[in-house]
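**Q** There's a structure below that I have some questions on.
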Amino acid sequence: MIYVGAASDIPDGEAARVQGEVSIAVFHVDGALYAIDDTCTHQDASLSDGWVEGCAVECPLHAACFDLRTGRPSGPPAKKPVRTHRVVVSDGHVWVEESVEVETGARPGVRVGAVAAEVA
């Protein structure tokens, strides 16, 4: 597991970047946390620097949008999804379990006030 920090350190609508096998972005959206690979699959741009709207992030380079729950792009220019990762909140601290491969289904966000037994 990769330690992200205190849940209170990630304001709603913002993201934090941590280093795993690759850079991972952890987004706080409407009280839930989502983790995806930080690099856009279209070109090398940091998604944590992008714009968040609902459960999607727009890449700051060429406006490719990715669903934070599935990692799937909503359309061109990106064609390949980014990996999603499991988020765990324990005692107000956020951890990410790095995925090995791209998920095929949606990964629900974990609520910021969740306990360790509640994971995404």
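Following the order of the structure tokens, chains are lettered A, B, ..., residues in each are numbered from 1, and ligands are numbered from 1.
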Which residues are close to segment 46-56 of chain A, i.e. within 8 Å by only C-alpha atoms, leaving aside same-chain residues fewer than 6 positions away? Reply as a PyMOL selection string.
**A** chain A and resi 13-17+25-27+29-30+38-40+65-69
**Q** Name the residues of chain A that fall into strand (DSSP E or B) according to DSSP on the backbone, using the chain letters and numbers of this document, as an NGL selection string.
**A** :A and (2-6 or 15-19 or 23-29 or 32-37 or 39 or 46 or 51-53 or 56-58 or 65-67 or 73 or 84-90 or 93-97 or 110-111 or 119)
**Q** Would you tabulate, counting only C-alpha atoms, all residues of segment 31-111 of chain A that have an atom at most 12 Å from an atom of segment 2-10 of chain A, showing the closest pair of atoms and their distance in Å to one decimal, sorted by chain then ascending number, as CSV?
**A**
residue,atom,partner,partner_atom,distance
A:Gly31,CA,A:Ala7,CA,10.1
A:Ala32,CA,A:Ala7,CA,10.1
A:Leu33,CA,A:Ala7,CA,8.8
A:Tyr34,CA,A:Ile10,CA,11.5
A:Ala35,CA,A:Val4,CA,10.4
A:Ser48,CA,A:Ile10,CA,11.7
A:His85,CA,A:Ile2,CA,10.6
A:Arg86,CA,A:Ile2,CA,10.5
A:Val87,CA,A:Ile2,CA,9.6
A:Val88,CA,A:Tyr3,CA,9.7
A:Val89,CA,A:Ala7,CA,7.6
A:Ser90,CA,A:Ala7,CA,9.3
A:Asp91,CA,A:Ala6,CA,8.9
A:Gly92,CA,A:Ala7,CA,5.6
A:His93,CA,A:Ala6,CA,4.3
A:Val94,CA,A:Val4,CA,5.3
A:Trp95,CA,A:Tyr3,CA,4.6
A:Val96,CA,A:Ile2,CA,5.1
A:Glu97,CA,A:Ile2,CA,6.3
A:Glu98,CA,A:Ile2,CA,7.6
A:Ser99,CA,A:Ile2,CA,11.4
A:Val110,CA,A:Ala7,CA,11.0
A:Arg111,CA,A:Ala7,CA,9.9
**Q** Between atom CA of Lys79 of chain A and atom CA of Asp12 of chain A, measure the distance and give it in Å to one decimal.
**A**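 Computing it gives 27.9 Å between the two atoms.
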**Q** Return as a list of chain:residue names the full set of residues in chain A whose backbone-based DSSP assignment is helix (DSSP H, G or I).
**A**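 Reading the DSSP output for chain A, helix (DSSP H, G or I) covers A:Ala7, A:Ser8, A:Asp9, A:Leu47, A:Ser48, A:Asp49.
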**Q** For each of A:Asp44, A:Glu21, A:Met1, A:Asp37, take the minimum atom-to-atom distance to Val57 of chain A, counting only C-alpha atoms, then give the residue where this is smallest.
**A**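 Under the stated criterion, the closest residue is A:Asp37.
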**Q** Give the answer as one residue: which of A:Thr84, A:Ala64, A:Val22, A:Val100 has the shortest atom-to-atom distance to Ile36 of chain A, using only C-alpha atoms?
**A**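 That would be A:Thr84, the residue with the smallest distance to Ile36 of chain A.
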